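**Student:** PDB, C-alpha atoms, pLDDT in the B column, file structure-v6.pdb:
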```
ATOM      1  CA  MET F   1     -28.757  21.150  16.508  1.00 49.00           C
ATOM      2  CA  GLN F   2     -30.967  21.065  19.640  1.00 62.00           C
ATOM      3  CA  LEU F   3     -30.314  18.534  22.380  1.00 59.00           C
ATOM      4  CA  ASP F   4     -33.527  16.598  21.711  1.00 64.00           C
ATOM      5  CA  SER F   5     -32.707  16.272  18.035  1.00 71.00           C
ATOM      6  CA  THR F   6     -29.139  15.217  18.841  1.00 67.00           C
ATOM      7  CA  LEU F   7     -30.320  12.536  21.264  1.00 75.00           C
ATOM      8  CA  ALA F   8     -32.867  11.291  18.741  1.00 73.00           C
ATOM      9  CA  LEU F   9     -30.183  11.056  16.066  1.00 68.00           C
ATOM     10  CA  ALA F  10     -27.891   9.247  18.497  1.00 71.00           C
ATOM     11  CA  GLY F  11     -30.664   6.755  19.231  1.00 79.00           C
ATOM     12  CA  VAL F  12     -31.266   6.105  15.539  1.00 78.00           C
ATOM     13  CA  THR F  13     -27.587   5.681  14.715  1.00 76.00           C
ATOM     14  CA  GLY F  14     -27.075   3.523  17.810  1.00 79.00           C
ATOM     15  CA  LEU F  15     -29.908   1.254  16.667  1.00 84.00           C
ATOM     16  CA  PHE F  16     -28.327   1.125  13.221  1.00 82.00           C
ATOM     17  CA  GLY F  17     -25.030   0.083  14.809  1.00 82.00           C
ATOM     18  CA  LEU F  18     -26.794  -2.617  16.843  1.00 87.00           C
ATOM     19  CA  ILE F  19     -28.377  -4.011  13.678  1.00 89.00           C
ATOM     20  CA  ILE F  20     -24.959  -4.085  12.007  1.00 86.00           C
ATOM     21  CA  LEU F  21     -23.511  -5.851  15.050  1.00 87.00           C
ATOM     22  CA  VAL F  22     -26.225  -8.537  14.980  1.00 89.00           C
ATOM     23  CA  VAL F  23     -25.879  -9.079  11.234  1.00 89.00           C
ATOM     24  CA  LEU F  24     -22.071  -9.105  11.259  1.00 88.00           C
ATOM     25  CA  TRP F  25     -21.450 -10.860  14.593  1.00 93.00           C
ATOM     26  CA  PRO F  26     -18.762 -13.367  13.613  1.00 92.00           C
ATOM     27  CA  GLY F  27     -18.741 -17.108  14.108  1.00 93.00           C
ATOM     28  CA  GLU F  28     -16.514 -19.935  12.947  1.00 93.00           C
ATOM     29  CA  LYS F  29     -17.458 -19.481   9.306  1.00 93.00           C
ATOM     30  CA  GLN F  30     -16.433 -15.801   9.323  1.00 94.00           C
ATOM     31  CA  GLY F  31     -13.223 -16.607  11.204  1.00 94.00           C
ATOM     32  CA  THR F  32     -12.296 -19.289   8.685  1.00 94.00           C
ATOM     33  CA  ARG F  33     -13.044 -16.964   5.789  1.00 93.00           C
ATOM     34  CA  LEU F  34     -10.898 -14.199   7.270  1.00 94.00           C
ATOM     35  CA  LEU F  35      -7.890 -16.475   7.769  1.00 93.00           C
ATOM     36  CA  THR F  36      -8.222 -17.968   4.305  1.00 93.00           C
ATOM     37  CA  LYS F  37      -8.449 -14.522   2.737  1.00 92.00           C
ATOM     38  CA  TRP F  38      -5.311 -13.333   4.509  1.00 92.00           C
ATOM     39  CA  GLY F  39      -3.092 -16.256   3.653  1.00 87.00           C
ATOM     40  CA  VAL F  40      -3.774 -19.096   6.106  1.00 90.00           C
ATOM     41  CA  ARG F  41      -4.461 -22.210   4.075  1.00 87.00           C
ATOM     42  CA  ASN F  42      -6.939 -24.684   5.544  1.00 89.00           C
ATOM     43  CA  PRO F  43      -7.306 -23.090   9.001  1.00 91.00           C
ATOM     44  CA  THR F  44      -7.434 -25.600  11.831  1.00 91.00           C
ATOM     45  CA  ALA F  45      -9.862 -25.809  14.742  1.00 90.00           C
ATOM     46  CA  ASP F  46      -7.253 -24.188  16.999  1.00 90.00           C
ATOM     47  CA  GLN F  47      -6.642 -21.268  14.631  1.00 92.00           C
ATOM     48  CA  VAL F  48     -10.221 -20.222  13.886  1.00 93.00           C
ATOM     49  CA  PRO F  49     -11.173 -19.067  17.448  1.00 93.00           C
ATOM     50  CA  VAL F  50      -8.291 -16.562  17.400  1.00 92.00           C
ATOM     51  CA  ALA F  51      -9.691 -14.977  14.231  1.00 93.00           C
ATOM     52  CA  VAL F  52     -13.223 -14.969  15.639  1.00 94.00           C
ATOM     53  CA  ARG F  53     -12.028 -13.201  18.789  1.00 92.00           C
ATOM     54  CA  TYR F  54     -10.126 -10.716  16.605  1.00 93.00           C
ATOM     55  CA  LEU F  55     -13.324  -9.817  14.712  1.00 94.00           C
ATOM     56  CA  ARG F  56     -15.522  -9.674  17.809  1.00 94.00           C
ATOM     57  CA  ARG F  57     -13.162  -7.266  19.547  1.00 91.00           C
ATOM     58  CA  ARG F  58     -13.715  -4.844  16.698  1.00 92.00           C
ATOM     59  CA  ARG F  59     -17.412  -5.232  15.990  1.00 92.00           C
ATOM     60  CA  PHE F  60     -18.447  -5.121  19.636  1.00 92.00           C
ATOM     61  CA  TRP F  61     -17.838  -1.381  19.619  1.00 90.00           C
ATOM     62  CA  TYR F  62     -20.011  -0.532  16.596  1.00 89.00           C
ATOM     63  CA  PRO F  63     -23.323   0.211  18.410  1.00 88.00           C
ATOM     64  CA  TRP F  64     -21.600   2.311  21.091  1.00 88.00           C
ATOM     65  CA  LEU F  65     -19.594   4.287  18.561  1.00 87.00           C
ATOM     66  CA  PHE F  66     -22.636   4.927  16.374  1.00 84.00           C
ATOM     67  CA  LEU F  67     -24.498   6.010  19.499  1.00 82.00           C
ATOM     68  CA  GLY F  68     -21.759   8.399  20.599  1.00 81.00           C
ATOM     69  CA  LEU F  69     -20.750   9.864  17.252  1.00 76.00           C
ATOM     70  CA  PRO F  70     -23.684  12.318  16.962  1.00 70.00           C
ATOM     71  CA  LEU F  71     -22.897  13.612  20.468  1.00 72.00           C
ATOM     72  CA  ILE F  72     -19.462  14.840  19.359  1.00 72.00           C
ATOM     73  CA  PRO F  73     -19.628  18.559  18.473  1.00 64.00           C
ATOM     74  CA  GLY F  74     -19.304  19.045  14.728  1.00 59.00           C
ATOM     75  CA  ALA F  75     -19.789  15.377  13.893  1.00 60.00           C
ATOM     76  CA  THR F  76     -23.528  15.560  13.207  1.00 56.00           C
ATOM     77  CA  ASP F  77     -23.000  16.582   9.599  1.00 57.00           C
ATOM     78  CA  LEU F  78     -20.867  13.498   8.974  1.00 52.00           C
ATOM     79  CA  VAL F  79     -23.518  11.270  10.524  1.00 44.00           C
ATOM     80  CA  GLY F  80     -26.565  12.964   9.121  1.00 44.00           C
ATOM     81  CA  GLU F  81     -25.428  13.682   5.587  1.00 47.00           C
ATOM     82  CA  ARG F  82     -22.445  11.429   4.901  1.00 50.00           C
ATOM     83  CA  ASN F  83     -23.327   7.998   6.232  1.00 56.00           C
ATOM     84  CA  ALA F  84     -20.411   6.382   4.404  1.00 64.00           C
ATOM     85  CA  ASN F  85     -18.020   8.583   6.357  1.00 72.00           C
ATOM     86  CA  SER F  86     -19.656   7.787   9.699  1.00 77.00           C
ATOM     87  CA  LEU F  87     -19.302   4.068   8.919  1.00 80.00           C
ATOM     88  CA  VAL F  88     -15.614   4.508   8.098  1.00 83.00           C
ATOM     89  CA  PHE F  89     -15.018   6.420  11.336  1.00 85.00           C
ATOM     90  CA  VAL F  90     -16.810   3.767  13.389  1.00 87.00           C
ATOM     91  CA  VAL F  91     -14.798   0.933  11.807  1.00 89.00           C
ATOM     92  CA  LEU F  92     -11.578   2.877  12.365  1.00 91.00           C
ATOM     93  CA  LEU F  93     -12.363   3.649  16.001  1.00 90.00           C
ATOM     94  CA  GLY F  94     -13.497   0.074  16.580  1.00 91.00           C
ATOM     95  CA  GLY F  95     -10.174  -1.132  15.222  1.00 92.00           C
ATOM     96  CA  LEU F  96      -8.335   1.336  17.443  1.00 94.00           C
ATOM     97  CA  ALA F  97     -10.177   0.156  20.563  1.00 92.00           C
ATOM     98  CA  ALA F  98      -9.469  -3.468  19.685  1.00 92.00           C
ATOM     99  CA  GLU F  99      -5.757  -2.854  19.136  1.00 92.00           C
ATOM    100  CA  ILE F 100      -5.478  -0.957  22.421  1.00 93.00           C
ATOM    101  CA  LEU F 101      -7.088  -3.856  24.283  1.00 89.00           C
ATOM    102  CA  ALA F 102      -4.836  -6.308  22.434  1.00 86.00           C
ATOM    103  CA  GLN F 103      -1.770  -4.650  23.986  1.00 85.00           C
ATOM    104  CA  ARG F 104      -2.379  -6.676  27.135  1.00 79.00           C
ATOM    105  CA  PRO F 105      -0.090  -9.713  27.481  1.00 70.00           C
ATOM    106  CA  SER F 106      -1.523 -12.917  26.075  1.00 63.00           C
ATOM    107  CA  ARG F 107      -2.987 -15.380  28.592  1.00 62.00           C
ATOM    108  CA  GLU F 108      -2.050 -18.346  26.441  1.00 57.00           C
ATOM    109  CA  PRO F 109       0.305 -20.740  28.240  1.00 49.00           C
ATOM    110  CA  ARG F 110       2.589 -21.056  25.243  1.00 47.00           C
ATOM    111  CA  ARG F 111       3.647 -18.052  23.206  1.00 48.00           C
ATOM    112  CA  GLU F 112       5.714 -17.790  20.074  1.00 51.00           C
ATOM    113  CA  ALA F 113       8.492 -15.264  19.501  1.00 46.00           C
ATOM    114  CA  VAL F 114       9.709 -14.116  16.123  1.00 51.00           C
ATOM    115  CA  LEU F 115      13.483 -14.265  15.926  1.00 44.00           C
ATOM    116  CA  ALA F 116      13.897 -11.372  13.475  1.00 59.00           C
ATOM    117  CA  PRO F 117      12.611  -7.929  14.582  1.00 67.00           C
ATOM    118  CA  ARG F 118       9.527  -6.849  12.657  1.00 79.00           C
ATOM    119  CA  GLY F 119       8.478  -3.372  11.629  1.00 87.00           C
ATOM    120  CA  VAL F 120       5.685  -1.629   9.756  1.00 90.00           C
ATOM    121  CA  LEU F 121       6.877  -2.780   6.326  1.00 90.00           C
ATOM    122  CA  ASP F 122       6.602  -6.414   7.377  1.00 89.00           C
ATOM    123  CA  PHE F 123       2.841  -5.972   7.614  1.00 92.00           C
ATOM    124  CA  ALA F 124       2.137  -3.088   5.235  1.00 92.00           C
ATOM    125  CA  PRO F 125       4.283  -3.169   2.067  1.00 92.00           C
ATOM    126  CA  LEU F 126       6.068   0.039   1.113  1.00 94.00           C
ATOM    127  CA  TRP F 127       3.758   0.658  -1.831  1.00 94.00           C
ATOM    128  CA  THR F 128       0.690   0.698   0.445  1.00 94.00           C
ATOM    129  CA  VAL F 129       2.344   3.262   2.721  1.00 95.00           C
ATOM    130  CA  VAL F 130       3.348   5.453  -0.233  1.00 95.00           C
ATOM    131  CA  VAL F 131      -0.027   5.220  -1.978  1.00 95.00           C
ATOM    132  CA  SER F 132      -1.960   5.922   1.215  1.00 94.00           C
ATOM    133  CA  GLY F 133       0.304   8.852   2.077  1.00 95.00           C
ATOM    134  CA  LEU F 134       0.045  10.426  -1.374  1.00 95.00           C
ATOM    135  CA  ALA F 135      -3.729   9.989  -1.506  1.00 93.00           C
ATOM    136  CA  THR F 136      -4.160  11.583   1.906  1.00 94.00           C
ATOM    137  CA  LEU F 137      -1.738  14.416   1.146  1.00 95.00           C
ATOM    138  CA  ALA F 138      -3.496  15.247  -2.120  1.00 93.00           C
ATOM    139  CA  ALA F 139      -6.881  15.296  -0.415  1.00 92.00           C
ATOM    140  CA  VAL F 140      -5.606  17.441   2.466  1.00 93.00           C
ATOM    141  CA  VAL F 141      -4.096  19.999   0.083  1.00 93.00           C
ATOM    142  CA  HIS F 142      -7.298  20.121  -1.954  1.00 91.00           C
ATOM    143  CA  ILE F 143      -9.491  20.604   1.110  1.00 90.00           C
ATOM    144  CA  ALA F 144      -7.146  23.254   2.510  1.00 91.00           C
ATOM    145  CA  VAL F 145      -7.290  25.197  -0.746  1.00 90.00           C
ATOM    146  CA  LEU F 146     -11.093  25.119  -0.524  1.00 88.00           C
ATOM    147  CA  ARG F 147     -10.864  26.138   3.175  1.00 88.00           C
ATOM    148  CA  GLN F 148     -13.195  23.373   4.300  1.00 86.00           C
ATOM    149  CA  TRP F 149     -11.810  23.063   7.806  1.00 85.00           C
ATOM    150  CA  GLY F 150     -14.244  20.460   9.127  1.00 83.00           C
ATOM    151  CA  PRO F 151     -13.520  17.882   6.393  1.00 85.00           C
ATOM    152  CA  LEU F 152      -9.831  18.770   6.670  1.00 89.00           C
ATOM    153  CA  ALA F 153      -9.759  17.955  10.382  1.00 88.00           C
ATOM    154  CA  ALA F 154     -11.692  14.729   9.799  1.00 87.00           C
ATOM    155  CA  THR F 155      -9.336  13.618   7.024  1.00 90.00           C
ATOM    156  CA  VAL F 156      -6.224  14.331   9.075  1.00 93.00           C
ATOM    157  CA  GLY F 157      -7.790  12.682  12.121  1.00 91.00           C
ATOM    158  CA  ALA F 158      -8.677   9.543  10.185  1.00 91.00           C
ATOM    159  CA  ALA F 159      -5.134   9.333   8.823  1.00 94.00           C
ATOM    160  CA  ALA F 160      -3.712   9.729  12.337  1.00 95.00           C
ATOM    161  CA  VAL F 161      -5.980   7.006  13.748  1.00 94.00           C
ATOM    162  CA  SER F 162      -5.086   4.661  10.898  1.00 95.00           C
ATOM    163  CA  TRP F 163      -1.382   5.065  11.630  1.00 95.00           C
ATOM    164  CA  ILE F 164      -1.882   4.563  15.360  1.00 96.00           C
ATOM    165  CA  ILE F 165      -3.630   1.273  14.541  1.00 95.00           C
ATOM    166  CA  VAL F 166      -0.732   0.234  12.298  1.00 95.00           C
ATOM    167  CA  LEU F 167       1.837   0.954  15.014  1.00 95.00           C
ATOM    168  CA  LEU F 168      -0.214  -0.824  17.674  1.00 94.00           C
ATOM    169  CA  ALA F 169      -0.607  -3.847  15.388  1.00 92.00           C
ATOM    170  CA  VAL F 170       3.182  -4.010  15.052  1.00 91.00           C
ATOM    171  CA  ARG F 171       3.896  -3.942  18.780  1.00 89.00           C
ATOM    172  CA  ARG F 172       1.048  -5.924  20.335  1.00 86.00           C
ATOM    173  CA  PRO F 173       1.816  -9.310  21.960  1.00 84.00           C
ATOM    174  CA  ALA F 174       1.543 -12.420  19.823  1.00 81.00           C
ATOM    175  CA  ALA F 175      -1.838 -14.148  19.643  1.00 75.00           C
ATOM    176  CA  GLY F 176      -2.234 -17.671  18.319  1.00 73.00           C
ATOM    177  CA  ASP F 177       0.352 -19.478  16.272  1.00 85.00           C
ATOM    178  CA  PRO F 178       2.803 -17.484  14.100  1.00 89.00           C
ATOM    179  CA  GLU F 179       0.865 -17.984  10.866  1.00 90.00           C
ATOM    180  CA  VAL F 180      -2.386 -16.660  12.323  1.00 91.00           C
ATOM    181  CA  ASP F 181      -0.616 -13.875  14.182  1.00 91.00           C
ATOM    182  CA  MET F 182       1.047 -12.689  10.983  1.00 91.00           C
ATOM    183  CA  ALA F 183      -2.193 -12.804   8.995  1.00 92.00           C
ATOM    184  CA  LEU F 184      -4.120 -10.774  11.568  1.00 93.00           C
ATOM    185  CA  ARG F 185      -1.398  -8.143  11.921  1.00 93.00           C
ATOM    186  CA  VAL F 186      -1.214  -7.743   8.141  1.00 93.00           C
ATOM    187  CA  ARG F 187      -4.971  -7.410   7.976  1.00 94.00           C
ATOM    188  CA  SER F 188      -5.026  -4.782  10.755  1.00 94.00           C
ATOM    189  CA  ALA F 189      -2.302  -2.684   9.134  1.00 94.00           C
ATOM    190  CA  ARG F 190      -3.626  -2.787   5.588  1.00 95.00           C
ATOM    191  CA  VAL F 191      -7.275  -2.250   6.452  1.00 94.00           C
ATOM    192  CA  ALA F 192      -6.340   0.708   8.675  1.00 94.00           C
ATOM    193  CA  LEU F 193      -4.303   2.331   5.893  1.00 95.00           C
ATOM    194  CA  GLY F 194      -7.104   1.591   3.461  1.00 93.00           C
ATOM    195  CA  LEU F 195      -9.740   3.228   5.649  1.00 93.00           C
ATOM    196  CA  GLY F 196      -7.581   6.329   5.985  1.00 92.00           C
ATOM    197  CA  THR F 197      -7.332   6.417   2.197  1.00 93.00           C
ATOM    198  CA  GLY F 198     -11.069   5.861   1.833  1.00 89.00           C
ATOM    199  CA  THR F 199     -11.741   8.844   4.082  1.00 89.00           C
ATOM    200  CA  ALA F 200      -9.494  10.939   1.875  1.00 89.00           C
ATOM    201  CA  ALA F 201     -11.594   9.867  -1.107  1.00 87.00           C
ATOM    202  CA  THR F 202     -15.008  10.643   0.360  1.00 84.00           C
ATOM    203  CA  LEU F 203     -14.064  13.856   2.153  1.00 85.00           C
ATOM    204  CA  GLY F 204     -11.362  15.213  -0.113  1.00 84.00           C
ATOM    205  CA  TRP F 205     -13.003  15.011  -3.488  1.00 83.00           C
ATOM    206  CA  THR F 206     -16.558  16.220  -3.723  1.00 71.00           C
ATOM    207  CA  VAL F 207     -17.934  14.891  -6.969  1.00 60.00           C
ATOM    208  CA  GLY F 208     -18.318  17.922  -9.213  1.00 64.00           C
ATOM    209  CA  ASP F 209     -15.959  18.803 -12.033  1.00 76.00           C
ATOM    210  CA  PHE F 210     -14.195  16.084 -14.001  1.00 78.00           C
ATOM    211  CA  THR F 211     -10.849  16.561 -12.245  1.00 83.00           C
ATOM    212  CA  SER F 212     -12.363  16.016  -8.807  1.00 85.00           C
ATOM    213  CA  PHE F 213     -14.315  13.019 -10.049  1.00 86.00           C
ATOM    214  CA  LEU F 214     -11.184  11.502 -11.558  1.00 89.00           C
ATOM    215  CA  ALA F 215      -9.261  12.062  -8.316  1.00 88.00           C
ATOM    216  CA  PHE F 216     -12.100  10.433  -6.402  1.00 88.00           C
ATOM    217  CA  VAL F 217     -12.031   7.358  -8.660  1.00 90.00           C
ATOM    218  CA  VAL F 218      -8.240   7.050  -8.396  1.00 91.00           C
ATOM    219  CA  THR F 219      -8.341   7.350  -4.596  1.00 90.00           C
ATOM    220  CA  VAL F 220     -11.092   4.729  -4.330  1.00 90.00           C
ATOM    221  CA  ALA F 221      -9.006   2.432  -6.533  1.00 92.00           C
ATOM    222  CA  ALA F 222      -6.069   2.983  -4.158  1.00 92.00           C
ATOM    223  CA  PHE F 223      -8.322   2.092  -1.225  1.00 91.00           C
ATOM    224  CA  LEU F 224      -9.415  -1.162  -2.862  1.00 92.00           C
ATOM    225  CA  ALA F 225      -5.822  -2.098  -3.700  1.00 92.00           C
ATOM    226  CA  ILE F 226      -4.589  -1.451  -0.165  1.00 93.00           C
ATOM    227  CA  VAL F 227      -7.316  -3.430   1.612  1.00 91.00           C
ATOM    228  CA  GLY F 228      -6.890  -6.352  -0.756  1.00 86.00           C
ATOM    229  CA  PRO F 229      -5.036  -9.299   0.810  1.00 81.00           C
ATOM    230  CA  PRO F 230      -1.463  -9.996  -0.252  1.00 76.00           C
ATOM    231  CA  PRO F 231      -1.106 -12.782  -2.835  1.00 68.00           C
ATOM    232  CA  LYS F 232       1.157 -14.816  -0.592  1.00 59.00           C
ATOM    233  CA  GLN F 233       2.170 -14.517   3.027  1.00 47.00           C
ATOM    234  CA  ARG F 234       5.845 -14.684   3.789  1.00 44.00           C
ATOM    235  CA  ALA F 235       7.063 -17.502   5.988  1.00 39.00           C
ATOM    236  CA  THR F 236       8.038 -16.502   9.501  1.00 40.00           C
ATOM    237  CA  THR F 237      10.796 -18.154  11.512  1.00 35.00           C
ATOM    238  CA  THR F 238       9.719 -18.691  15.102  1.00 37.00           C
ATOM    239  CA  ALA F 239      10.910 -20.176  18.326  1.00 34.00           C
ATOM    240  CA  ALA F 240       8.948 -21.041  21.459  1.00 34.00           C
ATOM    241  CA  ARG F 241       9.682 -18.980  24.536  1.00 36.00           C
TER     242      ARG F 241
END
```
Is it possible to express this structure as structure tokens?
**Tutor:**
Amino acid sequence: MQLDSTLALAGVTGLFGLIILVVLWPGEKQGTRLLTKWGVRNPTADQVPVAVRYLRRRRFWYPWLFLGLPLIPGATDLVGERNANSLVFVVLLGGLAAEILAQRPSREPRREAVLAPRGVLDFAPLWTVVVSGLATLAAVVHIAVLRQWGPLAATVGAAAVSWIIVLLAVRRPAAGDPEVDMALRVRSARVALGLGTGTAATLGWTVGDFTSFLAFVVTVAAFLAIVGPPPKQRATTTAAR
């Protein structure tokens, strides 16, 4: 693709990202909905701003990532022909940027510490890890057999980014009270694993014969199950530092 065409595509996708940012820019209503969905009953006025900041840290990056994605060599096909994949990549990279920034120590005067050490399985249940891993592995094997190296690299890359997000969500400093902190970490981990699985679905199984179509449907079902909120958040024992 010529430079002029690439820049034009970047401008169009950047504008698309800006429109998404304006439409999805979160306020109190979106923050309350997020906390309620992920297990915080009747969020208080002190809890909602933490969720709003969590969402804004992610969505802020959408226009810039949409703008830059076409400029990456080899990514123009994903942007130009597979818009669903470009959206998944942007959401993943936005989540990665947000989690990296969240590694900075909290400026809140009072922080909470969890007495028991927490690991990946405290935020992403074992079944989500297993299902995501199997879905990604199956897609990678299928793409490798077909020798489609571009989609293979994208699938592996998306899986790697999703796991980096999970690990960063586990180790980042606490934000807000323990209930909110737990809900947001769970959301980060499960959505990241789900997006990695979704990439495996859209890149790994080109709809064609019945077997590929069935694998696509199963992988999409796995994605929807993983990103769904847990039925009940576990209580967390905390102590003030």
**Student:** Evaluate the PyMOL selection byres ((chain F and resi 25) around 9) against this structure - the residues, as a list in words, please.
**Tutor:** Ile20, Leu21, Val22, Val23, Leu24, Pro26, Gly27, Gln30, Leu55, Arg56, Arg59 and Phe60 of chain F
**Student:** Out of F:Thr36, F:Ser5, F:Ser162, F:Asn42, which residue has the shortest atom-to-atom distance to Gly94 in chain F when counting only C-alpha atoms?
**Tutor:** F:Ser162
**Student:** Name every residue that the PyMOL selection byres ((chain F and resi 17) around 9) selects in this structure, writing the answer as JSON, numbers by chain with chains first and numbers rising.
**Tutor:** {"F": [12, 13, 14, 15, 16, 18, 19, 20, 21, 22, 61, 62, 63, 64, 65, 66, 67]}
**Student:** Keeping only C-alpha atoms, write those residues as a PDB file, keeping the file's coordinate frame.
**Tutor:**
```
ATOM      1  CA  VAL F  12     -31.266   6.105  15.539  1.00 78.00           C
ATOM      2  CA  THR F  13     -27.587   5.681  14.715  1.00 76.00           C
ATOM      3  CA  GLY F  14     -27.075   3.523  17.810  1.00 79.00           C
ATOM      4  CA  LEU F  15     -29.908   1.254  16.667  1.00 84.00           C
ATOM      5  CA  PHE F  16     -28.327   1.125  13.221  1.00 82.00           C
ATOM      6  CA  LEU F  18     -26.794  -2.617  16.843  1.00 87.00           C
ATOM      7  CA  ILE F  19     -28.377  -4.011  13.678  1.00 89.00           C
ATOM      8  CA  ILE F  20     -24.959  -4.085  12.007  1.00 86.00           C
ATOM      9  CA  LEU F  21     -23.511  -5.851  15.050  1.00 87.00           C
ATOM     10  CA  VAL F  22     -26.225  -8.537  14.980  1.00 89.00           C
ATOM     11  CA  TRP F  61     -17.838  -1.381  19.619  1.00 90.00           C
ATOM     12  CA  TYR F  62     -20.011  -0.532  16.596  1.00 89.00           C
ATOM     13  CA  PRO F  63     -23.323   0.211  18.410  1.00 88.00           C
ATOM     14  CA  TRP F  64     -21.600   2.311  21.091  1.00 88.00           C
ATOM     15  CA  LEU F  65     -19.594   4.287  18.561  1.00 87.00           C
ATOM     16  CA  PHE F  66     -22.636   4.927  16.374  1.00 84.00           C
ATOM     17  CA  LEU F  67     -24.498   6.010  19.499  1.00 82.00           C
TER      18      LEU F  67
END
```
**Student:** Report the distance between CA of Val140 in chain F and CA of Ala221 in chain F in Å, rounded to one decimal place.
**Tutor:**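 These atoms are spaced 17.8 Å apart.
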**Student:** From the list F:Val186, F:Leu87, F:Arg57, F:Gly204, which residue is nearest Trp149 in chain F when using all atoms listed in the file?
**Tutor:**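 Among the listed residues, F:Gly204 lies closest to Trp149 in chain F.
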**Student:** Can you give me, as a PDB file with C-alpha atoms, in the coordinates of the input, the residues this file yields under the PyMOL selection byres ((chain F and resi 121) around 12)?
**Tutor:**
```
ATOM      1  CA  PRO F 117      12.611  -7.929  14.582  1.00 67.00           C
ATOM      2  CA  ARG F 118       9.527  -6.849  12.657  1.00 79.00           C
ATOM      3  CA  GLY F 119       8.478  -3.372  11.629  1.00 87.00           C
ATOM      4  CA  VAL F 120       5.685  -1.629   9.756  1.00 90.00           C
ATOM      5  CA  ASP F 122       6.602  -6.414   7.377  1.00 89.00           C
ATOM      6  CA  PHE F 123       2.841  -5.972   7.614  1.00 92.00           C
ATOM      7  CA  ALA F 124       2.137  -3.088   5.235  1.00 92.00           C
ATOM      8  CA  PRO F 125       4.283  -3.169   2.067  1.00 92.00           C
ATOM      9  CA  LEU F 126       6.068   0.039   1.113  1.00 94.00           C
ATOM     10  CA  TRP F 127       3.758   0.658  -1.831  1.00 94.00           C
ATOM     11  CA  THR F 128       0.690   0.698   0.445  1.00 94.00           C
ATOM     12  CA  VAL F 129       2.344   3.262   2.721  1.00 95.00           C
ATOM     13  CA  VAL F 130       3.348   5.453  -0.233  1.00 95.00           C
ATOM     14  CA  VAL F 166      -0.732   0.234  12.298  1.00 95.00           C
ATOM     15  CA  LEU F 167       1.837   0.954  15.014  1.00 95.00           C
ATOM     16  CA  ALA F 169      -0.607  -3.847  15.388  1.00 92.00           C
ATOM     17  CA  VAL F 170       3.182  -4.010  15.052  1.00 91.00           C
ATOM     18  CA  ARG F 185      -1.398  -8.143  11.921  1.00 93.00           C
ATOM     19  CA  VAL F 186      -1.214  -7.743   8.141  1.00 93.00           C
ATOM     20  CA  ALA F 189      -2.302  -2.684   9.134  1.00 94.00           C
ATOM     21  CA  ARG F 190      -3.626  -2.787   5.588  1.00 95.00           C
TER      22      ARG F 190
END
```
**Student:** Quick check, in Å to one decimal: how far apart do CA of Pro49 in chain F and CA of Lys37 in chain F lie?
**Tutor:**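 That distance, rounded to one decimal, is 15.6 Å.
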**Student:** Between CA of Val40 in chain F and CA of Val91 in chain F, what distance in Å does the model show, to one decimal?
**Tutor:**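 A separation of 23.6 Å between them.
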**Student:** Go through F:Val218, F:Leu7, F:Ala98, F:Met182 one by one, measure the shortest atom-to-atom distance of each to Thr136 in chain F using only C-alpha atoms, and give the residue with the smallest value.
**Tutor:**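 Between F:Val218, F:Leu7, F:Ala98, F:Met182, the residue approaching Thr136 in chain F most closely is F:Val218.
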**Student:** Excluding range 151-161 of chain F and residues on its chain fewer than 3 positions from it, collect all residues at most 9 Å away from it, counting all atoms listed in the file, and give them as a PyMOL selection string.
**Tutor:** chain F and resi 78+88-89+92-93+96+132-133+136+139-141+143-144+147-148+164-166+192-193+195-197+199-200+203-204
**Student:** Near Leu168 in chain F, counting all atoms listed in the file, which residues have an atom at most 8 Å away, once you skip same-chain residues fewer than 5 positions from it, shown as a PyMOL selection string?
**Tutor:** chain F and resi 99-100+103
**Student:** Export C-alpha atoms of the chosen residues as a PDB file, in the coordinates of the input?
**Tutor:**
```
ATOM      1  CA  GLU F  99      -5.757  -2.854  19.136  1.00 92.00           C
ATOM      2  CA  ILE F 100      -5.478  -0.957  22.421  1.00 93.00           C
ATOM      3  CA  GLN F 103      -1.770  -4.650  23.986  1.00 85.00           C
TER       4      GLN F 103
END
```
**Student:** From the set F:Gly68, F:Leu101, F:Gly194, F:Ala175, which residue has the shortest atom-to-atom contact distance to Ala8 in chain F, counting all atoms listed in the file?
**Tutor:**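 Result for the nearest residue to Ala8 in chain F: F:Gly68.
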**Student:** With only C-alpha atoms as the atoms that count, which of F:Val145, F:Val217, F:Leu34, F:Ile72 lies nearest to Pro229 in chain F?
**Tutor:**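 When distances to Pro229 in chain F are compared using only C-alpha atoms, the smallest one comes from F:Leu34.
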**Student:** Give the answer as one residue: which of F:Ala51, F:Ala138, F:Leu224, F:Ala183 has the shortest atom-to-atom distance to Trp205 in chain F, using all atoms listed in the file?
**Tutor:** F:Ala138
**Student:** Need the shell around Val48 in chain F: protein/DNA/RNA residues with any atom at most 9 Å away, counting only C-alpha atoms. Skip same-chain ones fewer than 4 positions apart. Format as a ChimeraX atom specification?
**Tutor:** /F:28-32,34-35,43-44,52-53,180
